[in-house]
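coords_30.cif (mmCIF, C-alpha atoms) appears below.
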```cif
data_coords
#
loop_
_atom_site.label_atom_id
_atom_site.label_comp_id
_atom_site.auth_asym_id
_atom_site.auth_seq_id
_atom_site.Cartn_x
_atom_site.Cartn_y
_atom_site.Cartn_z
CA MET A 1 18.41 40.00 13.22
CA ALA A 2 19.21 36.37 12.39
CA GLU A 3 16.19 34.05 12.47
CA VAL A 4 16.04 30.30 13.07
CA TYR A 5 13.91 28.24 10.71
CA GLU A 6 12.58 25.01 12.22
CA MET A 7 11.90 21.60 10.71
CA PRO A 8 8.39 22.25 9.32
CA GLU A 9 5.31 20.08 9.83
CA LEU A 10 4.94 19.04 6.19
CA ALA A 11 1.97 16.69 6.52
CA GLU A 12 -0.65 15.55 8.97
CA SER A 13 0.71 13.34 11.81
CA VAL A 14 4.30 13.57 10.52
CA VAL A 15 6.71 13.90 13.46
CA GLU A 16 10.12 13.99 11.77
CA GLY A 17 11.85 14.68 8.49
CA GLU A 18 15.09 13.71 6.82
CA VAL A 19 17.32 16.30 5.18
CA LEU A 20 17.85 14.79 1.74
CA ARG A 21 19.68 17.67 0.06
CA TRP A 22 20.66 21.25 0.75
CA ILE A 23 19.64 23.05 -2.44
CA LYS A 24 21.35 26.20 -1.14
CA LYS A 25 24.65 26.25 0.74
CA GLU A 26 25.84 28.37 3.65
CA GLY A 27 26.47 31.90 2.44
CA ASP A 28 24.05 31.66 -0.50
CA ARG A 29 21.54 34.41 -1.10
CA VAL A 30 17.95 33.07 -1.02
CA GLU A 31 14.82 34.83 -2.20
CA ARG A 32 11.47 34.46 -0.43
CA ASP A 33 9.67 31.21 -1.44
CA GLU A 34 12.78 29.94 -3.26
CA PRO A 35 13.48 26.26 -2.42
CA PHE A 36 16.53 25.94 -0.18
CA VAL A 37 16.35 22.37 1.18
CA GLU A 38 14.75 19.05 0.19
CA ILE A 39 13.04 17.22 3.06
CA MET A 40 11.62 13.70 3.10
CA THR A 41 8.99 12.54 5.56
CA GLU A 42 7.26 9.17 5.77
CA LYS A 43 4.55 10.59 3.52
CA VAL A 44 6.18 12.88 0.98
CA THR A 45 9.34 14.55 -0.33
CA VAL A 46 9.19 18.34 -0.51
CA GLU A 47 11.46 21.15 -1.66
CA VAL A 48 10.97 23.60 1.22
CA PRO A 49 10.71 27.31 0.32
CA ALA A 50 12.64 30.01 2.20
CA PRO A 51 10.48 31.95 4.72
CA HIS A 52 11.85 35.30 3.49
CA SER A 53 14.65 36.81 1.45
CA GLY A 54 18.12 36.85 2.96
CA THR A 55 21.29 34.83 3.38
CA LEU A 56 21.41 31.21 4.48
CA ILE A 57 23.88 31.88 7.28
CA LYS A 58 23.97 28.44 8.88
CA THR A 59 22.70 24.94 8.09
CA LEU A 60 22.02 22.99 11.29
CA ALA A 61 21.75 19.45 9.92
CA LYS A 62 23.75 17.26 7.60
CA GLU A 63 22.31 15.60 4.52
CA GLY A 64 20.82 12.29 5.62
CA GLN A 65 20.16 13.51 9.17
CA VAL A 66 16.69 13.02 10.66
CA LEU A 67 15.22 15.84 12.74
CA PRO A 68 11.96 16.02 14.71
CA VAL A 69 9.37 18.56 13.68
CA GLY A 70 10.19 21.83 15.48
CA ALA A 71 13.95 21.25 15.68
CA PRO A 72 16.25 24.04 14.41
CA LEU A 73 16.99 23.47 10.74
CA ALA A 74 18.69 26.61 9.41
CA VAL A 75 19.49 30.22 10.27
CA PHE A 76 18.59 33.05 7.91
CA GLY A 77 19.70 36.67 8.10
CA GLU A 78 22.60 38.75 6.91
CA PRO A 79 26.31 37.86 7.00
CA GLY A 80 27.92 38.61 10.35
CA GLU A 81 24.75 38.37 12.43
CA ASP A 82 24.92 36.41 15.70
CA VAL A 83 23.85 32.80 15.10
CA GLU A 84 24.28 31.73 18.74
CA ALA A 85 22.02 34.52 19.98
CA ALA A 86 19.35 33.49 17.49
CA LEU A 87 19.53 29.88 18.64
CA LYS A 88 19.31 30.84 22.32
CA SER A 89 16.15 32.86 21.71
CA PHE A 90 14.57 30.25 19.44
CA HIS A 91 11.12 28.92 20.42
CA PRO A 92 9.64 26.24 18.14
CA ALA A 93 6.16 26.71 16.73
CA HIS A 94 5.65 23.00 16.04
CA GLY A 95 6.63 19.68 17.46
CA PRO A 96 6.27 18.00 20.86
CA HIS A 97 8.20 20.73 22.68
CA ALA A 98 6.52 23.73 21.06
CA ALA A 99 4.37 24.53 24.08
CA HIS A 100 7.29 24.56 26.51
CA GLY A 101 9.04 27.55 24.99
CA ALA A 102 12.48 25.93 24.62
CA LEU A 103 13.72 23.14 22.50
CA THR A 104 14.79 19.90 24.12
CA PRO A 105 16.33 17.66 21.47
CA LEU A 106 14.51 14.38 21.05
CA PRO A 107 16.56 11.23 21.54
CA VAL A 108 17.57 9.61 18.30
CA GLN A 109 17.13 6.05 19.50
CA ALA A 110 15.86 4.19 22.51
CA ILE A 111 18.05 3.91 25.62
CA PRO A 112 17.70 0.50 27.28
CA VAL A 113 17.52 0.65 31.07
CA ALA A 114 15.91 -2.66 31.87
CA PRO A 115 16.00 -6.19 30.48
CA LYS A 116 14.18 -6.37 27.17
CA ARG A 117 10.85 -8.20 27.46
CA GLU A 118 9.94 -11.02 25.13
CA GLY A 119 6.99 -10.71 22.78
CA ARG A 120 5.08 -7.63 21.72
CA PRO A 121 4.71 -4.91 24.39
CA LEU A 122 1.10 -4.19 25.37
CA ALA A 123 0.24 -0.58 24.49
CA ALA A 124 -2.39 1.42 22.61
CA PRO A 125 -1.53 2.74 19.12
CA ALA A 126 -1.45 6.31 20.45
CA VAL A 127 1.13 5.29 23.04
CA ARG A 128 3.15 3.45 20.40
CA ARG A 129 3.09 6.52 18.18
CA TYR A 130 4.16 8.74 21.08
CA ALA A 131 7.01 6.35 21.90
CA ARG A 132 8.21 6.43 18.28
CA GLU A 133 8.15 10.22 18.35
CA GLN A 134 10.32 10.15 21.46
CA GLY A 135 12.69 7.50 20.08
CA VAL A 136 11.73 4.95 22.76
CA ASP A 137 11.69 1.18 22.27
CA LEU A 138 8.68 -0.03 24.26
CA ALA A 139 10.37 -3.37 24.78
CA PHE A 140 12.44 -1.70 27.51
CA VAL A 141 9.61 0.27 29.19
CA PRO A 142 7.86 -1.22 32.26
CA GLY A 143 4.07 -0.88 32.04
CA SER A 144 1.97 0.34 34.95
CA GLY A 145 -1.45 -0.42 33.44
CA PRO A 146 -3.57 -3.55 33.69
CA ALA A 147 -1.65 -6.68 32.69
CA GLY A 148 1.48 -4.56 32.32
CA ARG A 149 -0.03 -2.32 29.65
CA ILE A 150 2.27 0.61 28.88
CA GLN A 151 0.78 4.07 29.40
CA ARG A 152 2.02 7.41 28.08
CA ALA A 153 3.14 8.27 31.61
CA ASP A 154 5.36 5.17 31.57
CA VAL A 155 7.13 6.48 28.45
CA ASP A 156 7.59 9.88 30.13
CA GLY A 157 8.97 8.21 33.21
CA PHE A 158 11.38 6.18 31.10
CA LEU A 159 12.64 9.36 29.41
CA ALA A 160 13.00 11.19 32.71
CA GLY A 161 15.09 8.46 34.31
CA ALA A 162 16.96 6.93 31.39
CA PRO A 163 20.77 7.16 31.70
CA ALA A 164 23.22 7.04 28.84
CA PRO A 165 23.64 3.69 27.07
CA GLY A 166 25.58 1.23 29.16
CA VAL A 167 25.10 3.18 32.42
CA PRO A 168 23.20 1.17 35.05
CA PRO A 169 19.92 2.63 36.32
CA ALA A 170 19.77 3.70 39.93
CA GLY A 171 19.67 0.66 42.19
CA GLY A 172 19.69 -1.74 39.24
CA ALA A 173 21.97 -3.89 37.19
CA ALA A 174 23.95 -2.62 34.25
CA ALA A 175 21.89 -1.91 31.14
CA PRO A 176 22.45 -4.36 28.33
CA ALA A 177 24.91 -3.28 25.71
CA ALA A 178 23.74 -2.22 22.29
CA PRO A 179 23.49 -5.06 19.78
CA GLY A 180 26.77 -5.89 18.04
CA ALA A 181 27.52 -4.61 14.58
CA ILE A 182 26.79 -6.85 11.60
CA TRP A 183 29.93 -8.39 10.09
CA ARG A 184 31.21 -6.87 6.87
CA GLY A 185 33.31 -8.57 4.22
CA ALA A 186 36.24 -6.99 2.45
CA SER A 187 34.35 -6.86 -0.87
CA ASP A 188 31.10 -5.49 0.63
CA THR A 189 29.83 -2.03 -0.21
CA VAL A 190 27.98 0.08 2.33
CA GLU A 191 25.21 2.58 1.68
CA PRO A 192 23.41 4.73 4.26
CA LEU A 193 19.86 3.68 5.13
CA LYS A 194 18.13 6.94 4.32
CA GLY A 195 15.34 8.58 2.42
CA LEU A 196 12.35 6.53 1.33
CA ARG A 197 14.16 3.25 2.07
CA ARG A 198 14.58 4.31 5.72
CA VAL A 199 10.87 5.12 5.95
CA ILE A 200 9.96 1.73 4.44
CA ALA A 201 12.30 -0.04 6.86
CA GLN A 202 10.50 1.60 9.77
CA ARG A 203 6.92 1.22 8.55
CA MET A 204 6.88 -2.38 7.35
CA PRO A 205 7.81 -4.04 10.69
CA LEU A 206 5.40 -1.66 12.41
CA SER A 207 2.54 -2.84 10.21
CA LYS A 208 3.36 -6.48 10.95
CA GLN A 209 3.46 -5.65 14.66
CA VAL A 210 0.17 -3.74 14.72
CA SER A 211 -2.07 -5.79 12.40
CA ALA A 212 -2.99 -9.48 12.52
CA HIS A 213 -2.00 -10.17 8.91
CA THR A 214 -3.92 -12.88 7.06
CA LEU A 215 -4.07 -13.65 3.34
CA ASN A 216 -6.74 -14.76 0.90
CA VAL A 217 -6.01 -15.50 -2.79
CA ASP A 218 -8.43 -16.10 -5.66
CA GLU A 219 -8.25 -16.11 -9.45
CA ALA A 220 -10.18 -14.01 -11.93
CA ASP A 221 -10.99 -14.47 -15.60
CA MET A 222 -10.05 -11.13 -17.15
CA THR A 223 -10.96 -12.04 -20.74
CA GLU A 224 -13.99 -9.74 -20.95
CA LEU A 225 -12.07 -6.87 -19.31
CA VAL A 226 -9.17 -7.32 -21.74
CA ALA A 227 -11.60 -7.07 -24.64
CA LEU A 228 -13.41 -4.04 -23.20
CA ARG A 229 -10.15 -2.18 -22.56
CA GLY A 230 -9.07 -2.93 -26.12
CA ARG A 231 -12.27 -1.36 -27.45
CA LEU A 232 -12.01 1.74 -25.23
CA LYS A 233 -8.28 2.46 -25.59
CA PRO A 234 -8.55 4.46 -28.86
CA ALA A 235 -11.24 6.75 -27.43
CA ALA A 236 -9.18 7.25 -24.27
CA GLN A 237 -6.07 8.06 -26.30
CA GLU A 238 -8.00 10.70 -28.24
CA ARG A 239 -8.63 12.37 -24.87
CA GLY A 240 -4.97 12.11 -23.89
CA VAL A 241 -5.51 9.31 -21.36
CA LYS A 242 -3.64 6.02 -21.10
CA LEU A 243 -6.34 3.54 -20.10
CA THR A 244 -4.82 0.81 -17.91
CA TYR A 245 -6.34 -2.25 -16.28
CA LEU A 246 -5.63 -0.63 -12.92
CA ALA A 247 -8.22 2.08 -13.54
CA PHE A 248 -10.93 -0.57 -14.02
CA ILE A 249 -9.74 -2.39 -10.89
CA VAL A 250 -9.91 0.81 -8.83
CA LYS A 251 -13.54 1.31 -9.86
CA ALA A 252 -14.32 -2.33 -9.08
CA VAL A 253 -12.60 -2.05 -5.69
CA VAL A 254 -14.70 1.00 -4.80
CA ALA A 255 -17.92 -0.82 -5.69
CA ALA A 256 -16.87 -3.83 -3.59
CA LEU A 257 -15.86 -1.59 -0.66
CA LYS A 258 -19.30 0.02 -0.70
CA LYS A 259 -20.84 -3.43 -0.18
CA HIS A 260 -18.30 -4.31 2.54
CA PRO A 261 -17.59 -1.18 4.58
CA TYR A 262 -15.51 -3.01 7.21
CA VAL A 263 -12.81 -3.51 4.57
CA ASN A 264 -12.71 0.28 4.09
CA ALA A 265 -12.05 0.99 7.75
CA SER A 266 -9.51 1.57 10.52
CA ILE A 267 -9.23 0.56 14.17
CA ASP A 268 -8.60 3.22 16.80
CA GLU A 269 -7.31 0.94 19.52
CA ALA A 270 -6.77 3.75 22.01
CA ALA A 271 -10.41 4.83 21.78
CA HIS A 272 -11.71 1.25 21.35
CA GLU A 273 -13.52 2.33 18.19
CA ILE A 274 -13.93 1.13 14.61
CA ILE A 275 -13.82 3.93 12.02
CA LEU A 276 -15.90 3.08 8.95
CA ARG A 277 -14.60 5.42 6.28
CA GLY A 278 -17.09 7.60 4.45
CA GLU A 279 -14.56 8.32 1.70
CA PHE A 280 -13.05 6.00 -0.89
CA ASN A 281 -9.45 7.14 -1.24
CA ILE A 282 -7.47 4.42 -2.99
CA GLY A 283 -3.71 4.24 -2.48
CA ILE A 284 -1.69 3.07 -5.49
CA ALA A 285 1.70 1.54 -4.72
CA VAL A 286 4.26 2.98 -7.17
CA ASP A 287 7.69 1.47 -7.74
CA THR A 288 10.34 4.23 -7.85
CA GLU A 289 14.13 4.24 -7.88
CA GLN A 290 14.07 5.29 -4.22
CA GLY A 291 11.57 2.60 -3.15
CA LEU A 292 7.85 2.01 -2.92
CA SER A 293 5.63 5.09 -2.64
CA VAL A 294 1.85 5.08 -2.11
CA PRO A 295 0.06 8.18 -3.46
CA VAL A 296 -3.72 8.30 -3.13
CA VAL A 297 -6.50 8.65 -5.70
CA ARG A 298 -8.81 10.82 -3.61
CA GLY A 299 -12.58 10.48 -4.02
CA ALA A 300 -12.31 7.56 -6.41
CA ASP A 301 -16.05 6.93 -6.07
CA HIS A 302 -16.81 10.34 -7.61
CA ARG A 303 -14.39 10.01 -10.52
CA SER A 304 -15.11 8.61 -13.97
CA LEU A 305 -13.07 5.74 -15.34
CA LEU A 306 -11.00 8.09 -17.50
CA ASP A 307 -10.50 10.51 -14.61
CA VAL A 308 -9.23 7.66 -12.43
CA ALA A 309 -6.81 6.62 -15.19
CA ARG A 310 -5.66 10.21 -15.62
CA GLU A 311 -5.08 10.64 -11.88
CA ILE A 312 -3.17 7.34 -11.58
CA ALA A 313 -0.84 8.48 -14.37
CA ARG A 314 -0.31 11.89 -12.73
CA LEU A 315 0.45 10.39 -9.33
CA ALA A 316 2.81 7.74 -10.75
CA GLU A 317 4.74 10.34 -12.72
CA ALA A 318 5.00 12.64 -9.69
CA ALA A 319 6.10 9.76 -7.45
CA ARG A 320 8.90 8.70 -9.80
CA ALA A 321 10.06 12.31 -10.12
CA GLY A 322 9.94 12.85 -6.35
CA LYS A 323 7.38 15.64 -6.82
CA LEU A 324 4.38 14.40 -4.85
CA ALA A 325 2.59 17.04 -2.82
CA PRO A 326 1.61 16.33 0.82
CA ALA A 327 -2.07 16.13 -0.20
CA ASP A 328 -1.20 13.36 -2.68
CA MET A 329 -0.18 11.07 0.19
CA GLN A 330 -2.87 11.69 2.79
CA HIS A 331 -6.11 10.05 3.93
CA GLY A 332 -5.88 6.76 2.08
CA THR A 333 -8.56 4.23 3.07
CA PHE A 334 -7.53 1.16 1.01
CA THR A 335 -4.42 0.33 -1.02
CA ILE A 336 -3.73 -1.57 -4.24
CA SER A 337 -0.29 -3.06 -4.90
CA ASN A 338 0.02 -3.75 -8.62
CA SER A 339 2.86 -6.03 -9.78
CA GLY A 340 1.14 -6.89 -13.04
CA SER A 341 3.74 -5.20 -15.24
CA ILE A 342 6.64 -6.88 -13.42
CA GLY A 343 5.70 -10.54 -13.08
CA GLY A 344 5.34 -13.20 -10.44
CA LEU A 345 2.47 -15.49 -9.52
CA PHE A 346 1.00 -13.72 -6.50
CA THR A 347 2.17 -11.73 -3.51
CA ALA A 348 1.24 -11.19 0.14
CA PRO A 349 1.44 -7.38 0.42
CA ILE A 350 1.87 -5.69 3.80
CA ILE A 351 -1.06 -3.58 5.02
CA ASN A 352 -0.61 0.18 4.75
CA GLN A 353 -1.38 1.51 8.22
CA PRO A 354 -3.88 2.51 9.53
CA GLU A 355 -5.90 0.66 6.87
CA VAL A 356 -7.15 -2.89 7.42
CA ALA A 357 -6.61 -4.43 3.98
CA ILE A 358 -4.50 -4.22 0.83
CA LEU A 359 -5.10 -5.82 -2.57
CA GLY A 360 -2.33 -7.44 -4.59
CA VAL A 361 -2.89 -7.33 -8.37
CA HIS A 362 -0.83 -9.62 -10.60
CA PRO A 363 0.02 -10.28 -14.26
CA ILE A 364 -2.73 -11.25 -16.69
CA LYS A 365 -1.66 -14.42 -18.50
CA GLN A 366 -3.39 -16.75 -20.90
CA ARG A 367 -3.96 -20.11 -19.25
CA PRO A 368 -5.97 -23.21 -20.16
CA VAL A 369 -9.20 -23.39 -18.16
CA VAL A 370 -12.36 -25.46 -18.36
CA ARG A 371 -15.49 -23.67 -19.62
CA ASP A 372 -18.69 -25.67 -20.33
CA GLY A 373 -16.72 -28.91 -20.28
CA ALA A 374 -14.13 -27.74 -22.82
CA ILE A 375 -10.53 -26.63 -22.28
CA VAL A 376 -10.11 -23.09 -23.60
CA ALA A 377 -7.49 -20.33 -23.37
CA ARG A 378 -8.56 -17.43 -21.14
CA ASP A 379 -6.86 -14.31 -19.81
CA MET A 380 -6.43 -15.13 -16.11
CA THR A 381 -4.95 -13.39 -13.09
CA TYR A 382 -4.71 -13.74 -9.30
CA PHE A 383 -5.92 -11.29 -6.68
CA SER A 384 -4.46 -11.52 -3.18
CA LEU A 385 -6.03 -9.74 -0.23
CA SER A 386 -3.93 -9.19 2.89
CA TYR A 387 -6.26 -8.20 5.71
CA ASP A 388 -6.22 -7.40 9.40
CA HIS A 389 -7.96 -10.27 11.16
CA ARG A 390 -8.73 -8.00 14.12
CA LEU A 391 -11.53 -6.50 12.06
CA VAL A 392 -11.88 -8.48 8.82
CA ASP A 393 -12.82 -12.13 9.25
CA GLY A 394 -12.02 -14.77 6.63
CA ALA A 395 -15.61 -15.00 5.41
CA LEU A 396 -15.75 -11.24 4.86
CA ALA A 397 -12.45 -11.31 2.97
CA VAL A 398 -13.79 -14.07 0.70
CA ARG A 399 -17.04 -12.18 0.05
CA PHE A 400 -15.15 -8.99 -0.76
CA LEU A 401 -12.85 -10.75 -3.23
CA THR A 402 -15.79 -12.65 -4.74
CA ASP A 403 -17.67 -9.41 -5.42
CA LEU A 404 -14.56 -7.74 -6.79
CA ILE A 405 -13.90 -10.64 -9.16
CA ARG A 406 -17.55 -10.69 -10.26
CA LEU A 407 -17.15 -7.07 -11.35
CA VAL A 408 -13.89 -7.47 -13.27
CA GLU A 409 -15.16 -10.64 -14.96
CA SER A 410 -18.32 -8.81 -16.07
CA PRO A 411 -16.99 -5.24 -16.37
CA GLU A 412 -20.27 -3.89 -17.78
CA MET A 413 -21.57 -4.28 -14.19
CA LEU A 414 -19.39 -1.30 -13.28
CA LEU A 415 -21.89 0.86 -15.18
CA ILE A 416 -24.57 -0.31 -12.74
CA GLU A 417 -22.65 -0.51 -9.47
CA GLY A 418 -19.78 1.97 -10.03
#
```
Represent the structure from my file as structure tokens, please.
Amino acid sequence: MAEVYEMPELAESVVEGEVLRWIKKEGDRVERDEPFVEIMTEKVTVEVPAPHSGTLIKTLAKEGQVLPVGAPLAVFGEPGEDVEAALKSFHPAHGPHAAHGALTPLPVQAIPVAPKREGRPLAAPAVRRYAREQGVDLAFVPGSGPAGRIQRADVDGFLAGAPAPGVPPAGGAAAPAAPGAIWRGASDTVEPLKGLRRVIAQRMPLSKQVSAHTLNVDEADMTELVALRGRLKPAAQERGVKLTYLAFIVKAVVAALKKHPYVNASIDEAAHEIILRGEFNIGIAVDTEQGLSVPVVRGADHRSLLDVAREIARLAEAARAGKLAPADMQHGTFTISNSGSIGGLFTAPIINQPEVAILGVHPIKQRPVVRDGAIVARDMTYFSLSYDHRLVDGALAVRFLTDLIRLVESPEMLLIEG
């Protein structure tokens, strides 16, 4: 009998996936565990294996289409079997409708039924996440909580009573029309917003909306670290490891985070709790052809300098090849954005949710500085710390950066504190 395969839950807290590429086409024979479709989520890109051997009878999504977890994705079986009967009897195992026994397609985008409010809607992160899963723009949802705070029940009520776009709600005025299309010139080219770029486009405004972004910048004298790396590079190469400055910075970041645990934390606004992380999992922003990806060096506090360098190289290579595993993208506690190999003076990176800070690392350049009353050439760089002012105050940000810079300026201290 034909069997429906649903959009899988590929990583923790992931609620949807985009069909990047059908590896197999309708009518192709597929062996058990053979990849048949490539799926991208906000965390990772995965070639999904077939659940069993058989024929891919029907694909239920186009390339570039986004489906919620639990939605029908494909039908497997043998040629001639009844696809419609399989779909009618389908019950999802995952997703927001799994417990109800029948699939109700999630709306693709919010349906406005009331005038859009100005400013940021008042709602807990859990409610915001639930609204995103349901495709609801909270700017159009009336809140029933204190001071107009939007509750989960308000989102459910919106979904239950929302008419089609442009249809007036019962007893109310006509819903506002969808925003007009952006003008396009005759020589313009158009590309679909999909894949990793679509995920970035969703996550970056969300981070700005959730966190109270503030920036602190300081400079560091990297001369001693440059010399130390130069001395250690041959030994690292003998062990098959490319020793980069980033590996030293990761170890210094971990030591500084241990002294300042509120920088290695998250805020659970729904529970009114601060989560001080007991792990030191450092995200490394990697520039790929598809966009910025942030794999995680897990347990960086337990790794040696060479092991950190080895893991950074593995993650960067996997990210650029689109081969990161779900575990490579999970449970980050602090992120480093390294533009040192590209250029620029300094940046103001956007916080990687649900973390509360991100470090920008920049090119090391020789500059004239004053040491003991004399002008000398030193290897200098800038560090920029974007932080969430809800939890990290300016004084704490300065102390964290000061301790980090102390460690990279005297890298032998990493032997004591790292």
Excluding A:Pro142 and residues on its chain fewer than 3 positions from it, collect all residues at most 8 Å away from it, counting only C-alpha atoms, and give them as a ChimeraX atom specification. /A:148,150,154
Can I get the selection written as a PDB file, in the coordinates of the input, with C-alpha atoms?
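part-v3.pdb written:
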```pdb
ATOM      1  CA  GLY A 148       1.480  -4.560  32.320  1.00  0.00           C
ATOM      2  CA  ILE A 150       2.270   0.610  28.880  1.00  0.00           C
ATOM      3  CA  ASP A 154       5.360   5.170  31.570  1.00  0.00           C
TER       4      ASP A 154
END
```
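Across the structure, atom CA of A:Ile350 and atom CA of A:Val19 are spaced 26.9 Å apart.
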Could you list, as a list in words, every residue matched by the PyMOL selection byres ((chain A and resi 133) around 9) in this structure? Val15, Glu16, Pro68, Pro96, Leu106, Arg128, Arg129, Tyr130, Ala131, Arg132, Gln134, Gly135 and Val136 of chain A
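When the PyMOL selection byres ((chain A and resi 393-395) around 12) is run on the displayed coordinates, the residues it returns are A:Ala212, A:His213, A:Thr214, A:Leu215, A:Asn216, A:Val217, A:His260, A:Tyr262, A:Val263, A:Val356, A:Ala357, A:Leu385, A:Ser386, A:Tyr387, A:Asp388, A:His389, A:Arg390, A:Leu391, A:Val392, A:Leu396, A:Ala397, A:Val398, A:Arg399, A:Phe400, A:Leu401, A:Thr402.
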Shell of 12 Å around A:Ser144, all atoms listed in the file, local chain residues under 6 positions omitted, as a list in words: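 Once the nearby chain positions are removed, what remains is Leu122, Ala123, Ile150, Gln151, Arg152, Ala153, Asp154, Val155, Gly157 and Phe158 of chain A.
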Please report as JSON lines every residue of stretch 208-255 of chain A lying within 10 Å of stretch 276-281 of chain A, along with the nearest atom pair and their distance in Å (one decimal), using only C-alpha atoms.
```
{"residue": "A:Val250", "atom": "CA", "partner": "A:Asn281", "partner_atom": "CA", "distance": 9.9}
{"residue": "A:Val253", "atom": "CA", "partner": "A:Phe280", "partner_atom": "CA", "distance": 9.4}
{"residue": "A:Val254", "atom": "CA", "partner": "A:Phe280", "partner_atom": "CA", "distance": 6.6}
{"residue": "A:Ala255", "atom": "CA", "partner": "A:Phe280", "partner_atom": "CA", "distance": 9.7}
```
Spatial sel., origin (10.9, 33.3, -2.8), limit 10 Å, only C-alpha atoms, listed as a PyMOL selection string: chain A and resi 30-36+49-54
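Residues in contact with A:Ala327 at up to 12 Å, not including ones fewer than 2 positions away on its chain and judged by all atoms listed in the file, are Leu10, Ala11, Glu12, Lys43, Val44, Thr45, Val46, Asn281, Val294, Pro295, Val296, Val297, Arg298, Leu315, Lys323, Leu324, Ala325, Met329, Gln330, His331 and Gly332 of chain A.
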Run through the PyMOL selection byres ((chain A and resi 360-368) around 10) on the given coordinates and return the selected residues as a tab-separated table (two decimals) with C-alpha atoms, in the frame of the given file.
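Everything below was put into selection-v7.tsv:
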```
chain	number	residue	atom	x	y	z
A	217	VAL	CA	-6.01	-15.50	-2.79
A	219	GLU	CA	-8.25	-16.11	-9.45
A	220	ALA	CA	-10.18	-14.01	-11.93
A	221	ASP	CA	-10.99	-14.47	-15.60
A	222	MET	CA	-10.05	-11.13	-17.15
A	223	THR	CA	-10.96	-12.04	-20.74
A	226	VAL	CA	-9.17	-7.32	-21.74
A	245	TYR	CA	-6.34	-2.25	-16.28
A	246	LEU	CA	-5.63	-0.63	-12.92
A	249	ILE	CA	-9.74	-2.39	-10.89
A	285	ALA	CA	1.70	1.54	-4.72
A	335	THR	CA	-4.42	0.33	-1.02
A	336	ILE	CA	-3.73	-1.57	-4.24
A	337	SER	CA	-0.29	-3.06	-4.90
A	338	ASN	CA	0.02	-3.75	-8.62
A	339	SER	CA	2.86	-6.03	-9.78
A	340	GLY	CA	1.14	-6.89	-13.04
A	341	SER	CA	3.74	-5.20	-15.24
A	342	ILE	CA	6.64	-6.88	-13.42
A	343	GLY	CA	5.70	-10.54	-13.08
A	344	GLY	CA	5.34	-13.20	-10.44
A	345	LEU	CA	2.47	-15.49	-9.52
A	346	PHE	CA	1.00	-13.72	-6.50
A	347	THR	CA	2.17	-11.73	-3.51
A	348	ALA	CA	1.24	-11.19	0.14
A	349	PRO	CA	1.44	-7.38	0.42
A	350	ILE	CA	1.87	-5.69	3.80
A	358	ILE	CA	-4.50	-4.22	0.83
A	359	LEU	CA	-5.10	-5.82	-2.57
A	369	VAL	CA	-9.20	-23.39	-18.16
A	370	VAL	CA	-12.36	-25.46	-18.36
A	371	ARG	CA	-15.49	-23.67	-19.62
A	374	ALA	CA	-14.13	-27.74	-22.82
A	375	ILE	CA	-10.53	-26.63	-22.28
A	376	VAL	CA	-10.11	-23.09	-23.60
A	377	ALA	CA	-7.49	-20.33	-23.37
A	378	ARG	CA	-8.56	-17.43	-21.14
A	379	ASP	CA	-6.86	-14.31	-19.81
A	380	MET	CA	-6.43	-15.13	-16.11
A	381	THR	CA	-4.95	-13.39	-13.09
A	382	TYR	CA	-4.71	-13.74	-9.30
A	383	PHE	CA	-5.92	-11.29	-6.68
A	384	SER	CA	-4.46	-11.52	-3.18
A	385	LEU	CA	-6.03	-9.74	-0.23
A	386	SER	CA	-3.93	-9.19	2.89
```
Write out as a ChimeraX atom specification each polymer residue whose atoms come within 6 Å of A:Arg197, counting only C-alpha atoms; drop sequence neighbours fewer than 3 positions from it. /A:194,200,291
What lies within 12 Å of A:Thr244 using only C-alpha atoms, ignoring chain neighbours under 5 positions off, as a PyMOL selection string? chain A and resi 225-226+228-230+232-233+236-237+249-251+305-313+338+340-341
Separation of atom CA of A:Glu9 from atom CA of A:Thr41, in Å and rounded to one decimal: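 These two atoms are separated by 9.4 Å.
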How far is it from atom CA of A:Glu18 to atom CA of A:Glu63, in Å with one decimal?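 Computing the Euclidean distance for atom CA of A:Glu18 and atom CA of A:Glu63 yields 7.8 Å.
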Measuring between all atoms listed in the file, which one of A:Leu159, A:Ala270, A:Ala124, A:Leu73 shows the shortest distance to A:Asp137?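 Checking each candidate against A:Asp137, we get A:Leu159 as the closest.
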